[in-house]
Structures are given as structure tokens and as C-alpha cells.
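Engineer: Handing you this structure, nothing more for now.
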Amino acid sequence: MDHDRLAVKIQALQARGKKVVFTNGCFDILHVGHVRYLRGARALGDALVLAVNSDESVQRLKGKERPLLPLEDRLGILGAFEMVDFVTAFEDDTVTPLLLKLKPNIHAKGTDYTPDSIPEKDTVASYGGSVAVVGDPKDHASKNLIKEIVEKYGPISSKQTH
């Protein structure tokens, strides 16, 4: 979704007293930890905005073999989840510029963070928002799942999955 249109939708929700929760990630391999994380984030408010790193951003952050699924597939799958109200992509390696544009009430991150370690906490506080940590405390990290797959089956390539 276009970020300007999304900002207007968020402002309209907030004007009606609704609490908007925002979260983001690469989501290049989906697992039960993501579902629990998104459910936890949605439970914090009235609407959930999910921002997904572009393919280029994932490659810069995770390596040239990633993402395993192209952006269009990731957006389609995540957008079908009932707990996700809005899904959008972003090109930057950090979500800070998008947070400043959208100004959600809450920025949620997974249990690999603490409230003090969320990189965008000062940005969110600058416009009056808050941060929260949600999700399954079990270790469902994508990097660990990919490592297990590689150890068991050998190297994988995103080209093999498309």
C-alpha cells in the first residue's frame, strides 16, 4: 500500500480514538513464531500495520541468498492473515522513516528485543508513541530455522523457491 494513503487511513483511525499498532520485519520464511508475534501485536490495539522489507533490503541485511520468498509472495501471504489490517513494503534498511510518516500509537517488536533495545524507541517517543515487545518467547528465529534446513539438506537458494 502507498505510504501516503496508509498515513491518511491511520490518521482517520486515530481521529476516531482507535489505537494503531505497527510492526515490521523481513518475513522471508514464515513460521508459527510469526503468527504468535502478529497475534500479540494485534491484541495491543484496534488495527495492525505490518511493514515488510523489500527484496533488496532483505539482501542487504541478510545476504544475497535471501529472501527465500519474493516480496509479492510475502505480502500476499501476510496480508491474508486475519490479524493484519494493513500490509506495506519498505525499501530502507530501517523502518524509522516509515514510522515518522505513519506515527502509529504502538511500535511492536518480537521477543528477541527488550523495550530498551528496540532501535526505534526514541523515534517513536518523539511523536508520542510507545513500544512493546510481543510474541512467543520460544526460539523460532528464522535464522535458526534456515541454519537447520541448510545443515540437513544443504545450501538453499532463493532462485530454487521461485
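As shown in the C-alpha cells, the chain order sets the letters A, B, ...; within each chain, residues go from 1, and ligands are also counted from 1 in the order they appear.
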Please provide the set of residues having any atom within 12 Å of A:Ser54, restricted to only C-alpha atoms, with same-chain residues fewer than 5 positions apart removed, written as a PyMOL selection string.

Structural biologist: chain A and resi 24-28+59-62+66-67+69-75+88-95

Engineer: Please report, as a compact mmCIF listing (two decimals) with N, CA, C and O atoms, in the first residue's frame, each residue of chain A to which DSSP assigns strand (DSSP E or B) when run on this structure's backbone.

Structural biologist:
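Output (selection09.txt):
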```
# COMPACT_ATOMS: atom_id res chain seq x y z
N VAL A 20 -3.55 2.32 16.85
CA VAL A 20 -2.90 1.66 15.72
C VAL A 20 -1.55 1.10 16.16
O VAL A 20 -0.72 1.81 16.72
N VAL A 21 -1.38 -0.18 15.90
CA VAL A 21 -0.13 -0.89 16.22
C VAL A 21 0.62 -1.12 14.91
O VAL A 21 0.03 -1.45 13.89
N PHE A 22 1.93 -0.97 14.97
CA PHE A 22 2.79 -1.13 13.80
C PHE A 22 3.88 -2.13 14.14
O PHE A 22 4.41 -2.12 15.25
N THR A 23 4.20 -2.99 13.20
CA THR A 23 5.36 -3.86 13.36
C THR A 23 5.97 -4.07 11.99
O THR A 23 5.38 -3.74 10.96
N ASN A 24 7.16 -4.61 11.96
CA ASN A 24 7.87 -4.78 10.70
C ASN A 24 8.83 -5.95 10.76
O ASN A 24 9.16 -6.45 11.83
N GLY A 25 9.27 -6.37 9.60
CA GLY A 25 10.27 -7.42 9.51
C GLY A 25 10.47 -7.90 8.09
O GLY A 25 9.80 -7.45 7.16
N ALA A 47 -6.01 -1.83 15.24
CA ALA A 47 -5.59 -2.11 13.87
C ALA A 47 -4.10 -2.42 13.88
O ALA A 47 -3.35 -1.81 14.64
N LEU A 48 -3.70 -3.35 13.01
CA LEU A 48 -2.29 -3.71 12.90
C LEU A 48 -1.78 -3.40 11.50
O LEU A 48 -2.34 -3.86 10.50
N VAL A 49 -0.70 -2.62 11.46
CA VAL A 49 0.01 -2.30 10.23
C VAL A 49 1.29 -3.13 10.23
O VAL A 49 2.07 -3.08 11.18
N LEU A 50 1.49 -3.88 9.16
CA LEU A 50 2.68 -4.71 9.02
C LEU A 50 3.51 -4.21 7.85
O LEU A 50 3.03 -4.19 6.71
N ALA A 51 4.73 -3.78 8.11
CA ALA A 51 5.65 -3.33 7.08
C ALA A 51 6.69 -4.41 6.83
O ALA A 51 7.28 -4.94 7.77
N VAL A 52 6.89 -4.75 5.56
CA VAL A 52 7.76 -5.85 5.16
C VAL A 52 8.94 -5.30 4.35
O VAL A 52 8.74 -4.53 3.40
N ASN A 53 10.15 -5.72 4.71
CA ASN A 53 11.34 -5.29 3.97
C ASN A 53 11.26 -5.73 2.51
O ASN A 53 10.86 -6.86 2.22
N PHE A 86 -3.40 -3.90 7.62
CA PHE A 86 -2.73 -3.24 6.51
C PHE A 86 -1.35 -3.85 6.35
O PHE A 86 -0.65 -4.07 7.35
N VAL A 87 -0.94 -4.08 5.12
CA VAL A 87 0.41 -4.58 4.85
C VAL A 87 1.03 -3.69 3.79
O VAL A 87 0.37 -3.28 2.83
N THR A 88 2.30 -3.35 3.99
CA THR A 88 3.01 -2.49 3.06
C THR A 88 4.47 -2.92 3.01
O THR A 88 4.95 -3.60 3.92
N ALA A 89 5.15 -2.52 1.97
CA ALA A 89 6.58 -2.81 1.85
C ALA A 89 7.37 -1.53 2.11
O ALA A 89 6.85 -0.42 1.98
N PHE A 90 8.63 -1.72 2.48
CA PHE A 90 9.51 -0.55 2.61
C PHE A 90 10.90 -0.92 2.10
O PHE A 90 11.33 -2.05 2.20
N ILE A 106 1.58 2.48 18.72
CA ILE A 106 2.48 1.49 19.32
C ILE A 106 3.35 0.87 18.24
O ILE A 106 2.84 0.49 17.18
N HIS A 107 4.62 0.75 18.52
CA HIS A 107 5.55 0.02 17.64
C HIS A 107 5.91 -1.27 18.37
O HIS A 107 6.54 -1.23 19.43
N ALA A 108 5.49 -2.39 17.83
CA ALA A 108 5.72 -3.69 18.47
C ALA A 108 6.89 -4.42 17.81
O ALA A 108 7.04 -4.38 16.59
N LYS A 109 7.67 -5.07 18.64
CA LYS A 109 8.78 -5.91 18.16
C LYS A 109 8.67 -7.26 18.86
O LYS A 109 7.99 -7.41 19.87
N SER A 130 4.46 4.65 21.80
CA SER A 130 5.15 3.77 22.75
C SER A 130 5.61 2.50 22.02
O SER A 130 5.18 2.23 20.90
N VAL A 131 6.48 1.75 22.67
CA VAL A 131 6.98 0.49 22.12
C VAL A 131 6.52 -0.65 23.01
O VAL A 131 6.22 -0.46 24.19
N ALA A 132 6.46 -1.85 22.41
CA ALA A 132 6.07 -3.03 23.15
C ALA A 132 6.78 -4.24 22.57
O ALA A 132 7.10 -4.28 21.38
N VAL A 133 7.01 -5.22 23.41
CA VAL A 133 7.59 -6.50 22.99
C VAL A 133 6.49 -7.54 23.11
O VAL A 133 5.85 -7.66 24.16
```

Engineer: Can you list, as a PyMOL selection string, all residues belonging to chain A that DSSP tags as helix (DSSP H, G or I)?

Structural biologist: chain A and resi 3-15+32-42+55-62+71-80+96-102+115-117+121-126+142-153+158-161

Engineer: Determine the nearest neighbour of A:Pro97 from the options A:Ala125, A:His3, A:Gly135, A:Val8, counting only C-alpha atoms.

Structural biologist: A:His3

Engineer: What is the atom CA of A:Gly110-atom CA of A:Glu65 distance in Å, reported with one decimal?

Structural biologist: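 Going from atom CA of A:Gly110 over to atom CA of A:Glu65, I get 23.6 Å.
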
Engineer: How many Å separate atom CA of A:Ile29 from atom CA of A:Asp85?

Structural biologist: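 Value for the atom CA of A:Ile29-atom CA of A:Asp85 distance: 20.5 Å.
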